[in-house]
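The file query01.pdb contains PDB, C-alpha atoms and all ligand atoms:
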```pdb
ATOM      1  CA  MET A 376      35.842 111.408  41.214  1.00  0.00           C
ATOM      2  CA  ASN A 377      35.823 111.139  37.453  1.00  0.00           C
ATOM      3  CA  LYS A 378      32.568 109.778  36.068  1.00  0.00           C
ATOM      4  CA  LYS A 379      34.111 106.907  34.109  1.00  0.00           C
ATOM      5  CA  LEU A 380      35.716 105.582  37.302  1.00  0.00           C
ATOM      6  CA  CYS A 381      32.443 105.950  39.231  1.00  0.00           C
ATOM      7  CA  ASP A 382      30.647 103.961  36.512  1.00  0.00           C
ATOM      8  CA  ARG A 383      32.939 101.010  37.247  1.00  0.00           C
ATOM      9  CA  MET A 384      31.866 100.867  40.919  1.00  0.00           C
ATOM     10  CA  GLU A 385      28.399  99.910  42.101  1.00  0.00           C
ATOM     11  CA  VAL A 386      26.681  99.444  45.457  1.00  0.00           C
ATOM     12  CA  MET A 387      24.005  96.799  45.898  1.00  0.00           C
ATOM     13  CA  GLN A 388      21.983  95.342  48.727  1.00  0.00           C
ATOM     14  CA  GLY A 389      21.548  91.577  48.895  1.00  0.00           C
ATOM     15  CA  ASP A 390      23.191  88.190  49.158  1.00  0.00           C
ATOM     16  CA  ILE A 391      26.607  87.880  47.531  1.00  0.00           C
ATOM     17  CA  THR A 392      26.150  84.152  46.864  1.00  0.00           C
ATOM     18  CA  LYS A 393      23.432  84.945  44.301  1.00  0.00           C
ATOM     19  CA  LEU A 394      25.529  87.263  42.150  1.00  0.00           C
ATOM     20  CA  ASP A 395      26.340  86.293  38.601  1.00  0.00           C
ATOM     21  CA  VAL A 396      29.777  87.901  38.400  1.00  0.00           C
ATOM     22  CA  ASP A 397      33.172  86.488  37.459  1.00  0.00           C
ATOM     23  CA  ALA A 398      34.322  86.428  41.083  1.00  0.00           C
ATOM     24  CA  ILE A 399      32.920  87.047  44.530  1.00  0.00           C
ATOM     25  CA  VAL A 400      35.146  87.843  47.486  1.00  0.00           C
ATOM     26  CA  ASN A 401      34.833  85.902  50.720  1.00  0.00           C
ATOM     27  CA  ALA A 402      35.573  87.450  54.130  1.00  0.00           C
ATOM     28  CA  ALA A 403      37.359  84.347  55.375  1.00  0.00           C
ATOM     29  CA  ASN A 404      39.529  83.486  58.378  1.00  0.00           C
ATOM     30  CA  ASN A 405      43.172  82.373  58.423  1.00  0.00           C
ATOM     31  CA  SER A 406      42.281  78.691  58.129  1.00  0.00           C
ATOM     32  CA  LEU A 407      40.180  79.152  54.961  1.00  0.00           C
ATOM     33  CA  LEU A 408      38.119  76.249  56.243  1.00  0.00           C
ATOM     34  CA  GLY A 409      34.823  78.109  56.594  1.00  0.00           C
ATOM     35  CA  GLY A 410      33.038  79.850  59.444  1.00  0.00           C
ATOM     36  CA  GLY A 411      29.961  81.983  60.063  1.00  0.00           C
ATOM     37  CA  GLY A 412      28.692  85.137  58.356  1.00  0.00           C
ATOM     38  CA  VAL A 413      29.360  85.538  54.659  1.00  0.00           C
ATOM     39  CA  ASP A 414      32.003  82.779  54.790  1.00  0.00           C
ATOM     40  CA  GLY A 415      29.417  80.259  56.010  1.00  0.00           C
ATOM     41  CA  ALA A 416      26.897  81.402  53.394  1.00  0.00           C
ATOM     42  CA  ILE A 417      29.459  81.030  50.589  1.00  0.00           C
ATOM     43  CA  HIS A 418      30.535  77.545  51.695  1.00  0.00           C
ATOM     44  CA  ARG A 419      26.908  76.418  51.976  1.00  0.00           C
ATOM     45  CA  ALA A 420      26.025  77.747  48.539  1.00  0.00           C
ATOM     46  CA  ALA A 421      29.201  76.568  46.783  1.00  0.00           C
ATOM     47  CA  GLY A 422      28.968  73.032  48.210  1.00  0.00           C
ATOM     48  CA  PRO A 423      31.481  70.649  49.807  1.00  0.00           C
ATOM     49  CA  GLU A 424      33.846  70.769  46.824  1.00  0.00           C
ATOM     50  CA  LEU A 425      34.843  74.240  47.989  1.00  0.00           C
ATOM     51  CA  LEU A 426      35.989  73.001  51.389  1.00  0.00           C
ATOM     52  CA  ALA A 427      37.934  70.217  49.682  1.00  0.00           C
ATOM     53  CA  GLU A 428      39.826  72.744  47.534  1.00  0.00           C
ATOM     54  CA  CYS A 429      40.369  75.071  50.507  1.00  0.00           C
ATOM     55  CA  ARG A 430      41.974  72.223  52.440  1.00  0.00           C
ATOM     56  CA  THR A 431      44.676  72.003  49.763  1.00  0.00           C
ATOM     57  CA  ILE A 432      45.604  75.701  50.123  1.00  0.00           C
ATOM     58  CA  GLY A 433      46.957  75.612  53.677  1.00  0.00           C
ATOM     59  CA  GLY A 434      45.435  78.825  55.029  1.00  0.00           C
ATOM     60  CA  CYS A 435      45.940  82.488  54.269  1.00  0.00           C
ATOM     61  CA  PRO A 436      47.662  85.241  56.287  1.00  0.00           C
ATOM     62  CA  THR A 437      45.646  88.338  57.212  1.00  0.00           C
ATOM     63  CA  GLY A 438      45.644  90.893  54.384  1.00  0.00           C
ATOM     64  CA  GLU A 439      46.406  88.321  51.689  1.00  0.00           C
ATOM     65  CA  ALA A 440      44.050  86.577  49.262  1.00  0.00           C
ATOM     66  CA  ARG A 441      43.665  83.166  47.611  1.00  0.00           C
ATOM     67  CA  ILE A 442      41.486  82.061  44.705  1.00  0.00           C
ATOM     68  CA  THR A 443      39.327  78.957  44.260  1.00  0.00           C
ATOM     69  CA  LYS A 444      36.664  77.860  41.846  1.00  0.00           C
ATOM     70  CA  GLY A 445      33.068  78.877  42.541  1.00  0.00           C
ATOM     71  CA  TYR A 446      31.597  75.359  42.234  1.00  0.00           C
ATOM     72  CA  ARG A 447      27.792  75.587  42.670  1.00  0.00           C
ATOM     73  CA  LEU A 448      27.759  79.390  42.760  1.00  0.00           C
ATOM     74  CA  PRO A 449      26.829  81.484  39.747  1.00  0.00           C
ATOM     75  CA  ALA A 450      30.264  83.115  40.140  1.00  0.00           C
ATOM     76  CA  GLN A 451      33.155  81.353  38.394  1.00  0.00           C
ATOM     77  CA  TYR A 452      35.664  82.122  41.148  1.00  0.00           C
ATOM     78  CA  ILE A 453      35.805  82.868  44.850  1.00  0.00           C
ATOM     79  CA  ILE A 454      38.600  85.108  46.062  1.00  0.00           C
ATOM     80  CA  HIS A 455      39.128  84.471  49.749  1.00  0.00           C
ATOM     81  CA  THR A 456      40.660  87.274  51.740  1.00  0.00           C
ATOM     82  CA  VAL A 457      41.248  87.539  55.467  1.00  0.00           C
ATOM     83  CA  GLY A 458      40.435  90.899  57.000  1.00  0.00           C
ATOM     84  CA  PRO A 459      41.899  92.166  60.268  1.00  0.00           C
ATOM     85  CA  VAL A 460      40.086  91.750  63.568  1.00  0.00           C
ATOM     86  CA  CYS A 461      39.529  95.383  64.516  1.00  0.00           C
ATOM     87  CA  SER A 462      41.981  96.364  67.273  1.00  0.00           C
ATOM     88  CA  GLY A 463      41.870 100.145  66.927  1.00  0.00           C
ATOM     89  CA  LYS A 464      45.538 100.251  65.874  1.00  0.00           C
ATOM     90  CA  PRO A 465      46.821 101.849  62.613  1.00  0.00           C
ATOM     91  CA  ARG A 466      47.794  98.423  61.353  1.00  0.00           C
ATOM     92  CA  ASP A 467      44.096  97.571  60.916  1.00  0.00           C
ATOM     93  CA  SER A 468      43.607  99.991  58.039  1.00  0.00           C
ATOM     94  CA  LYS A 469      46.820  98.851  56.334  1.00  0.00           C
ATOM     95  CA  LEU A 470      45.685  95.236  56.469  1.00  0.00           C
ATOM     96  CA  LEU A 471      42.187  96.031  55.241  1.00  0.00           C
ATOM     97  CA  THR A 472      43.659  98.037  52.339  1.00  0.00           C
ATOM     98  CA  LEU A 473      45.837  95.040  51.468  1.00  0.00           C
ATOM     99  CA  CYS A 474      42.755  92.773  51.405  1.00  0.00           C
ATOM    100  CA  TYR A 475      41.221  94.903  48.645  1.00  0.00           C
ATOM    101  CA  GLN A 476      44.494  95.354  46.737  1.00  0.00           C
ATOM    102  CA  ASN A 477      45.446  91.687  46.858  1.00  0.00           C
ATOM    103  CA  SER A 478      41.931  90.527  45.911  1.00  0.00           C
ATOM    104  CA  LEU A 479      41.879  92.886  42.928  1.00  0.00           C
ATOM    105  CA  GLN A 480      45.379  91.804  41.911  1.00  0.00           C
ATOM    106  CA  LEU A 481      44.234  88.158  41.880  1.00  0.00           C
ATOM    107  CA  ALA A 482      41.233  89.235  39.816  1.00  0.00           C
ATOM    108  CA  VAL A 483      43.510  90.763  37.184  1.00  0.00           C
ATOM    109  CA  GLU A 484      45.762  87.697  37.105  1.00  0.00           C
ATOM    110  CA  ASN A 485      42.735  85.467  36.491  1.00  0.00           C
ATOM    111  CA  ASN A 486      41.035  87.627  33.843  1.00  0.00           C
ATOM    112  CA  VAL A 487      38.189  88.509  36.176  1.00  0.00           C
ATOM    113  CA  SER A 488      36.374  91.537  34.864  1.00  0.00           C
ATOM    114  CA  THR A 489      33.444  91.697  37.305  1.00  0.00           C
ATOM    115  CA  ILE A 490      34.006  91.226  41.032  1.00  0.00           C
ATOM    116  CA  ALA A 491      31.837  91.684  44.107  1.00  0.00           C
ATOM    117  CA  PHE A 492      33.033  92.439  47.637  1.00  0.00           C
ATOM    118  CA  PRO A 493      31.158  92.073  50.920  1.00  0.00           C
ATOM    119  CA  ALA A 494      32.064  94.454  53.751  1.00  0.00           C
ATOM    120  CA  VAL A 495      35.228  92.576  54.754  1.00  0.00           C
ATOM    121  CA  SER A 496      35.878  92.690  58.540  1.00  0.00           C
ATOM    122  CA  CYS A 497      32.605  94.565  59.244  1.00  0.00           C
ATOM    123  CA  GLY A 498      30.766  91.672  60.887  1.00  0.00           C
ATOM    124  CA  VAL A 499      32.333  89.403  63.507  1.00  0.00           C
ATOM    125  CA  TYR A 500      35.693  91.167  63.106  1.00  0.00           C
ATOM    126  CA  GLY A 501      34.171  94.453  64.291  1.00  0.00           C
ATOM    127  CA  TYR A 502      35.545  97.014  61.824  1.00  0.00           C
ATOM    128  CA  PRO A 503      33.500 100.259  61.814  1.00  0.00           C
ATOM    129  CA  ILE A 504      31.540 100.378  58.558  1.00  0.00           C
ATOM    130  CA  LYS A 505      32.250 104.023  57.709  1.00  0.00           C
ATOM    131  CA  ASP A 506      36.017 103.607  57.989  1.00  0.00           C
ATOM    132  CA  ALA A 507      35.929 100.282  56.137  1.00  0.00           C
ATOM    133  CA  CYS A 508      33.751 101.729  53.359  1.00  0.00           C
ATOM    134  CA  LYS A 509      36.220 104.568  52.735  1.00  0.00           C
ATOM    135  CA  ILE A 510      39.103 102.092  52.555  1.00  0.00           C
ATOM    136  CA  ALA A 511      37.180  99.781  50.214  1.00  0.00           C
ATOM    137  CA  VAL A 512      36.075 102.512  47.802  1.00  0.00           C
ATOM    138  CA  ASP A 513      39.335 104.501  47.808  1.00  0.00           C
ATOM    139  CA  THR A 514      41.457 101.380  47.314  1.00  0.00           C
ATOM    140  CA  ALA A 515      39.242 100.055  44.515  1.00  0.00           C
ATOM    141  CA  ALA A 516      39.196 103.465  42.786  1.00  0.00           C
ATOM    142  CA  ALA A 517      42.992 103.729  42.852  1.00  0.00           C
ATOM    143  CA  PHE A 518      43.309 100.175  41.541  1.00  0.00           C
ATOM    144  CA  LEU A 519      40.746 100.620  38.754  1.00  0.00           C
ATOM    145  CA  LYS A 520      42.558 103.716  37.534  1.00  0.00           C
ATOM    146  CA  GLU A 521      45.654 101.605  36.873  1.00  0.00           C
ATOM    147  CA  ASN A 522      43.932  98.386  35.743  1.00  0.00           C
ATOM    148  CA  LEU A 523      41.509  98.741  32.891  1.00  0.00           C
ATOM    149  CA  SER A 524      40.814  94.986  32.651  1.00  0.00           C
ATOM    150  CA  VAL A 525      38.536  95.096  35.709  1.00  0.00           C
ATOM    151  CA  LYS A 526      35.286  96.487  34.344  1.00  0.00           C
ATOM    152  CA  LYS A 527      33.089  96.452  37.430  1.00  0.00           C
ATOM    153  CA  VAL A 528      33.531  96.332  41.200  1.00  0.00           C
ATOM    154  CA  ILE A 529      30.334  95.725  43.153  1.00  0.00           C
ATOM    155  CA  PHE A 530      30.120  96.420  46.877  1.00  0.00           C
ATOM    156  CA  ILE A 531      27.274  94.272  48.112  1.00  0.00           C
ATOM    157  CA  GLN A 532      25.782  94.956  51.511  1.00  0.00           C
ATOM    158  CA  PHE A 533      23.507  92.730  53.517  1.00  0.00           C
ATOM    159  CA  SER A 534      21.977  95.501  55.632  1.00  0.00           C
ATOM    160  CA  SER A 535      20.279  98.687  54.475  1.00  0.00           C
ATOM    161  CA  GLU A 536      22.351 100.656  57.026  1.00  0.00           C
ATOM    162  CA  ASN A 537      25.600  99.538  55.407  1.00  0.00           C
ATOM    163  CA  TYR A 538      24.138 100.094  51.943  1.00  0.00           C
ATOM    164  CA  ASP A 539      23.328 103.701  52.903  1.00  0.00           C
ATOM    165  CA  VAL A 540      26.879 104.256  54.180  1.00  0.00           C
ATOM    166  CA  TYR A 541      28.313 103.126  50.842  1.00  0.00           C
ATOM    167  CA  MET A 542      25.816 105.159  48.785  1.00  0.00           C
ATOM    168  CA  ASP A 543      26.490 108.296  50.839  1.00  0.00           C
ATOM    169  CA  TYR A 544      30.241 107.911  50.441  1.00  0.00           C
ATOM    170  CA  LEU A 545      30.158 107.216  46.702  1.00  0.00           C
ATOM    171  CA  ASN A 546      27.770 110.131  46.149  1.00  0.00           C
ATOM    172  CA  SER A 547      30.102 112.430  48.091  1.00  0.00           C
ATOM    173  CA  LEU A 548      33.033 111.813  45.734  1.00  0.00           C
TER     174      LEU A 548
HETATM  175  N1  LIG B 601      26.060  88.466  51.349  1.00  0.00           N
HETATM  176  C1  LIG B 601      26.600  89.683  51.535  1.00  0.00           C
HETATM  177  N2  LIG B 601      27.051  90.134  52.730  1.00  0.00           N
HETATM  178  C2  LIG B 601      26.911  89.296  53.784  1.00  0.00           C
HETATM  179  C3  LIG B 601      26.352  88.000  53.682  1.00  0.00           C
HETATM  180  C4  LIG B 601      25.910  87.593  52.397  1.00  0.00           C
HETATM  181  N3  LIG B 601      25.362  86.382  52.188  1.00  0.00           N
HETATM  182  N4  LIG B 601      26.369  87.420  54.918  1.00  0.00           N
HETATM  183  C5  LIG B 601      26.912  88.327  55.762  1.00  0.00           C
HETATM  184  N5  LIG B 601      27.248  89.458  55.092  1.00  0.00           N
HETATM  185  P1  LIG B 601      31.366  88.613  58.468  1.00  0.00           P
HETATM  186  P2  LIG B 601      34.172  89.425  59.015  1.00  0.00           P
HETATM  187  C6  LIG B 601      27.880  90.701  55.595  1.00  0.00           C
HETATM  188  O1  LIG B 601      31.119  88.466  59.924  1.00  0.00           O
HETATM  189  O2  LIG B 601      33.723  90.537  59.878  1.00  0.00           O
HETATM  190  C7  LIG B 601      33.482  84.303  59.609  1.00  0.00           C
HETATM  191  O3  LIG B 601      33.119  83.407  60.607  1.00  0.00           O
HETATM  192  C8  LIG B 601      27.762  90.988  57.060  1.00  0.00           C
HETATM  193  O4  LIG B 601      26.514  91.630  57.333  1.00  0.00           O
HETATM  194  O5  LIG B 601      30.864  87.567  57.565  1.00  0.00           O
HETATM  195  O6  LIG B 601      35.246  89.697  58.003  1.00  0.00           O
HETATM  196  C9  LIG B 601      34.844  84.008  59.025  1.00  0.00           C
HETATM  197  O7  LIG B 601      35.130  82.630  58.975  1.00  0.00           O
HETATM  198  C10 LIG B 601      28.943  91.955  57.265  1.00  0.00           C
HETATM  199  O8  LIG B 601      28.575  93.294  56.893  1.00  0.00           O
HETATM  200  O9  LIG B 601      32.962  88.762  58.153  1.00  0.00           O
HETATM  201  C11 LIG B 601      35.750  84.739  59.962  1.00  0.00           C
HETATM  202  O10 LIG B 601      36.040  83.971  61.104  1.00  0.00           O
HETATM  203  C12 LIG B 601      29.976  91.459  56.268  1.00  0.00           C
HETATM  204  O11 LIG B 601      29.280  90.544  55.393  1.00  0.00           O
HETATM  205  C13 LIG B 601      34.954  85.962  60.356  1.00  0.00           C
HETATM  206  O12 LIG B 601      33.593  85.602  60.181  1.00  0.00           O
HETATM  207  C14 LIG B 601      31.162  90.725  56.870  1.00  0.00           C
HETATM  208  O13 LIG B 601      30.762  90.022  58.036  1.00  0.00           O
HETATM  209  C15 LIG B 601      35.251  87.127  59.449  1.00  0.00           C
HETATM  210  O14 LIG B 601      34.614  88.259  59.960  1.00  0.00           O
END
```

Whole structure given in structure tokens:
Amino acid sequence: MNKKLCDRMEVMQGDITKLDVDAIVNAANNSLLGGGGVDGAIHRAAGPELLAECRTIGGCPTGEARITKGYRLPAQYIIHTVGPVCSGKPRDSKLLTLCYQNSLQLAVENNVSTIAFPAVSCGVYGYPIKDACKIAVDTAAAFLKENLSVKKVIFIQFSSENYDVYMDYLNSL
């Protein structure tokens, strides 16, 4: 991959709710009303105002994305996307690709220049991390090529195993 493009993507290990970026992405469910995993952590850190705004949205279909304010988070915005529950069918990868494309599109529309993604669908929804990592990185790289306004995409991983998967893949490009 060309170096300039690689410089706009970064892998980190840690808690996404602590990141001081323009927008963090939430791995939400169709209701957008909170849940466990990263969704629960984001709602806890952002405060009850987030749930109040989410209630006005009326849910989100799988593969799509919606934006809210970040409230008590360091991030200005939260982009909520709903990943597929892994079923082993080809549709899974299409939907996961759409999550990244639609989240990045919302970022552009809202002048977001730094955005952080968790490993959407790789927890409760059971998506294999290696396959999901390739989709995340390839989709972001293709998007960044066409959209110069997004300066930095961070892939933040909770576990060191997932962090290593991302580092290995990015280093292989
Ligand atoms: N920062 C960064 N990554 C995190 C954090 C955090 N604070 N917490 C967890 N992760 P999951 P899904 C990682 O299950 O698979 C919710 O209940 C975690 O280790 O949060 O898309 C929703 O409401 C994993 O690698 O999301 C939905 O019902 C990744 O984030 C459902 O879970 C995603 O794991 C969505 O499932």

Could you tell me, as an mmCIF file with C-alpha atoms, in the coordinates of the input, exactly which residues end up selected when the PyMOL selection byres (((chain A and resi 393-401) around 7) and not hetatm) is applied to this structure?
```cif
data_model
loop_
_atom_site.group_PDB
_atom_site.id
_atom_site.type_symbol
_atom_site.label_atom_id
_atom_site.label_comp_id
_atom_site.auth_asym_id
_atom_site.auth_seq_id
_atom_site.Cartn_x
_atom_site.Cartn_y
_atom_site.Cartn_z
ATOM 1 C CA ASP A 390 23.191 88.190 49.158
ATOM 2 C CA ILE A 391 26.607 87.880 47.531
ATOM 3 C CA THR A 392 26.150 84.152 46.864
ATOM 4 C CA ALA A 402 35.573 87.450 54.130
ATOM 5 C CA ALA A 403 37.359 84.347 55.375
ATOM 6 C CA VAL A 413 29.360 85.538 54.659
ATOM 7 C CA ASP A 414 32.003 82.779 54.790
ATOM 8 C CA PRO A 449 26.829 81.484 39.747
ATOM 9 C CA ALA A 450 30.264 83.115 40.140
ATOM 10 C CA GLN A 451 33.155 81.353 38.394
ATOM 11 C CA TYR A 452 35.664 82.122 41.148
ATOM 12 C CA ILE A 453 35.805 82.868 44.850
ATOM 13 C CA ILE A 454 38.600 85.108 46.062
ATOM 14 C CA HIS A 455 39.128 84.471 49.749
ATOM 15 C CA THR A 456 40.660 87.274 51.740
ATOM 16 C CA VAL A 487 38.189 88.509 36.176
ATOM 17 C CA SER A 488 36.374 91.537 34.864
ATOM 18 C CA THR A 489 33.444 91.697 37.305
ATOM 19 C CA ILE A 490 34.006 91.226 41.032
ATOM 20 C CA ALA A 491 31.837 91.684 44.107
ATOM 21 C CA PHE A 492 33.033 92.439 47.637
ATOM 22 C CA PRO A 493 31.158 92.073 50.920
#
```

Which residue is closest to Gly501 of chain A? Choose from A:Ser468, A:Ser547, A:Thr431, A:Ser462 and count all atoms listed in the file.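 The closest residue to Gly501 of chain A is A:Ser462.
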
Once you count all atoms listed in the file, which residues end up within 9 Å of ligand LIG 601 (chain B), and could you hand them over as a VMD selection string? chain A and resid 388 to 393 401 to 417 456 to 461 492 to 502 504 530 to 534 537

Determine the residue membership of the PyMOL selection byres (((chain A and resi 439) around 8) and not hetatm) for the file above and supply it as a ChimeraX atom specification. /A:435-438,440-441,456-457,473-474,477-478

Okay, now the selection with C-alpha atoms, as an mmCIF file, in the frame of the given file?
```cif
data_model
loop_
_atom_site.group_PDB
_atom_site.id
_atom_site.type_symbol
_atom_site.label_atom_id
_atom_site.label_comp_id
_atom_site.auth_asym_id
_atom_site.auth_seq_id
_atom_site.Cartn_x
_atom_site.Cartn_y
_atom_site.Cartn_z
ATOM 1 C CA CYS A 435 45.940 82.488 54.269
ATOM 2 C CA PRO A 436 47.662 85.241 56.287
ATOM 3 C CA THR A 437 45.646 88.338 57.212
ATOM 4 C CA GLY A 438 45.644 90.893 54.384
ATOM 5 C CA ALA A 440 44.050 86.577 49.262
ATOM 6 C CA ARG A 441 43.665 83.166 47.611
ATOM 7 C CA THR A 456 40.660 87.274 51.740
ATOM 8 C CA VAL A 457 41.248 87.539 55.467
ATOM 9 C CA LEU A 473 45.837 95.040 51.468
ATOM 10 C CA CYS A 474 42.755 92.773 51.405
ATOM 11 C CA ASN A 477 45.446 91.687 46.858
ATOM 12 C CA SER A 478 41.931 90.527 45.911
#
```

4 Å per side around segment 525-530 of chain A: axis-aligned box centre and edge lengths, as AutoDock Vina command-line options:
```
--center_x 34.3 --center_y 95.8 --center_z 40.6 --size_x 16.4 --size_y 9.4 --size_z 20.5
```

From the options A:Met387, A:Lys469, A:Gln476, A:Met542, which residue's atoms come nearest to Thr514 of chain A, counting all atoms listed in the file?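 Result for the nearest residue to Thr514 of chain A: A:Gln476.
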
Nearest to Gln480 of chain A among A:Ala507, A:Pro465, A:Asp513, A:Asn522, with distances taken over all atoms listed in the file: which residue is it? A:Asn522

Quote the spacing between atom CA of Val528 of chain A and atom CA of Glu385 of chain A in Å to one decimal place.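 Those two atoms sit 6.3 Å apart.
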
One decimal, Å: what's the distance from atom CA of Ala427 of chain A over to atom CA of Gly445 of chain A, could you say?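 One can read the atom CA of Ala427 of chain A to atom CA of Gly445 of chain A distance as 12.2 Å.
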
Could you tell me which residues the PyMOL selection byres (((chain A and resi 382) around 12) and not hetatm) grabs in this file, written as a ChimeraX atom specification? /A:376-381,383-386,516,519-520,525-529,545-546

Can you work out which one of A:Leu426, A:Ile442, A:Ala420, A:Leu470 has the shortest atom-to-atom distance to Ala511 of chain A, counting all atoms listed in the file?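 Selected residue with least distance to Ala511 of chain A: A:Leu470.
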
Among the residues A:Gly434, A:Pro423, A:Ser535, A:Lys464, the one that comes closest to Tyr446 of chain A [using all atoms listed in the file]: A:Pro423

Just give me the gap between atom CA of Leu548 of chain A and atom CA of Ser524 of chain A in Å, one decimal is fine.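 Distance between the two atoms: 22.7 Å.
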
Residue among A:Gly463, A:Phe518, A:Ile432, A:Lys505 lying closest to Leu479 of chain A, counting only C-alpha atoms: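 Selected residue with least distance to Leu479 of chain A: A:Phe518.
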
Slice of the block: segment 448-465 of chain A, N, CA, C and O atoms, as a short mmCIF file (atom, residue, chain, number, x, y, z; two decimals), in the first residue's frame:
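Wrote it out as result_26.cif, contents follow:
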```cif
data_model
loop_
_atom_site.label_atom_id
_atom_site.label_comp_id
_atom_site.auth_asym_id
_atom_site.auth_seq_id
_atom_site.Cartn_x
_atom_site.Cartn_y
_atom_site.Cartn_z
N LEU A 448 -18.24 12.25 26.39
CA LEU A 448 -17.00 11.65 25.84
C LEU A 448 -16.05 12.75 25.37
O LEU A 448 -16.50 13.84 25.01
N PRO A 449 -14.77 12.43 25.30
CA PRO A 449 -13.86 13.39 24.65
C PRO A 449 -14.20 13.57 23.16
O PRO A 449 -13.97 14.64 22.60
N ALA A 450 -14.74 12.54 22.54
CA ALA A 450 -15.09 12.63 21.11
C ALA A 450 -16.33 13.51 20.92
O ALA A 450 -17.28 13.45 21.71
N GLN A 451 -16.32 14.29 19.84
CA GLN A 451 -17.45 15.20 19.57
C GLN A 451 -18.70 14.42 19.12
O GLN A 451 -19.82 14.79 19.45
N TYR A 452 -18.46 13.38 18.33
CA TYR A 452 -19.57 12.60 17.78
C TYR A 452 -19.41 11.11 18.05
O TYR A 452 -18.29 10.62 18.20
N ILE A 453 -20.56 10.43 18.03
CA ILE A 453 -20.56 8.96 18.01
C ILE A 453 -21.28 8.55 16.74
O ILE A 453 -22.40 9.03 16.46
N ILE A 454 -20.64 7.71 15.97
CA ILE A 454 -21.29 7.15 14.78
C ILE A 454 -21.67 5.71 15.13
O ILE A 454 -20.79 4.89 15.44
N HIS A 455 -22.95 5.46 15.14
CA HIS A 455 -23.46 4.15 15.55
C HIS A 455 -23.68 3.32 14.30
O HIS A 455 -24.43 3.73 13.40
N THR A 456 -23.04 2.16 14.24
CA THR A 456 -23.30 1.28 13.11
C THR A 456 -23.69 -0.08 13.65
O THR A 456 -23.34 -0.43 14.78
N VAL A 457 -24.44 -0.82 12.85
CA VAL A 457 -24.91 -2.13 13.30
C VAL A 457 -24.29 -3.19 12.41
O VAL A 457 -24.60 -3.28 11.21
N GLY A 458 -23.38 -3.95 12.98
CA GLY A 458 -22.72 -5.02 12.23
C GLY A 458 -23.61 -6.24 12.12
O GLY A 458 -24.59 -6.39 12.85
N PRO A 459 -23.27 -7.14 11.18
CA PRO A 459 -24.04 -8.38 11.05
C PRO A 459 -23.71 -9.37 12.17
O PRO A 459 -22.57 -9.40 12.64
N VAL A 460 -24.69 -10.16 12.55
CA VAL A 460 -24.42 -11.32 13.40
C VAL A 460 -23.82 -12.35 12.45
O VAL A 460 -24.40 -12.62 11.39
N CYS A 461 -22.66 -12.89 12.79
CA CYS A 461 -21.98 -13.78 11.84
C CYS A 461 -22.81 -15.05 11.60
O CYS A 461 -23.15 -15.77 12.53
N SER A 462 -23.13 -15.30 10.31
CA SER A 462 -23.93 -16.47 9.96
C SER A 462 -23.14 -17.42 9.06
O SER A 462 -23.61 -18.50 8.74
N GLY A 463 -21.98 -16.97 8.61
CA GLY A 463 -21.18 -17.79 7.69
C GLY A 463 -21.61 -17.63 6.24
O GLY A 463 -21.04 -18.28 5.35
N LYS A 464 -22.57 -16.79 5.97
CA LYS A 464 -23.04 -16.58 4.58
C LYS A 464 -22.32 -15.37 3.96
O LYS A 464 -21.85 -14.48 4.67
N PRO A 465 -22.24 -15.33 2.60
CA PRO A 465 -21.53 -14.22 1.93
C PRO A 465 -22.08 -12.84 2.28
O PRO A 465 -21.36 -11.86 2.25
#
```
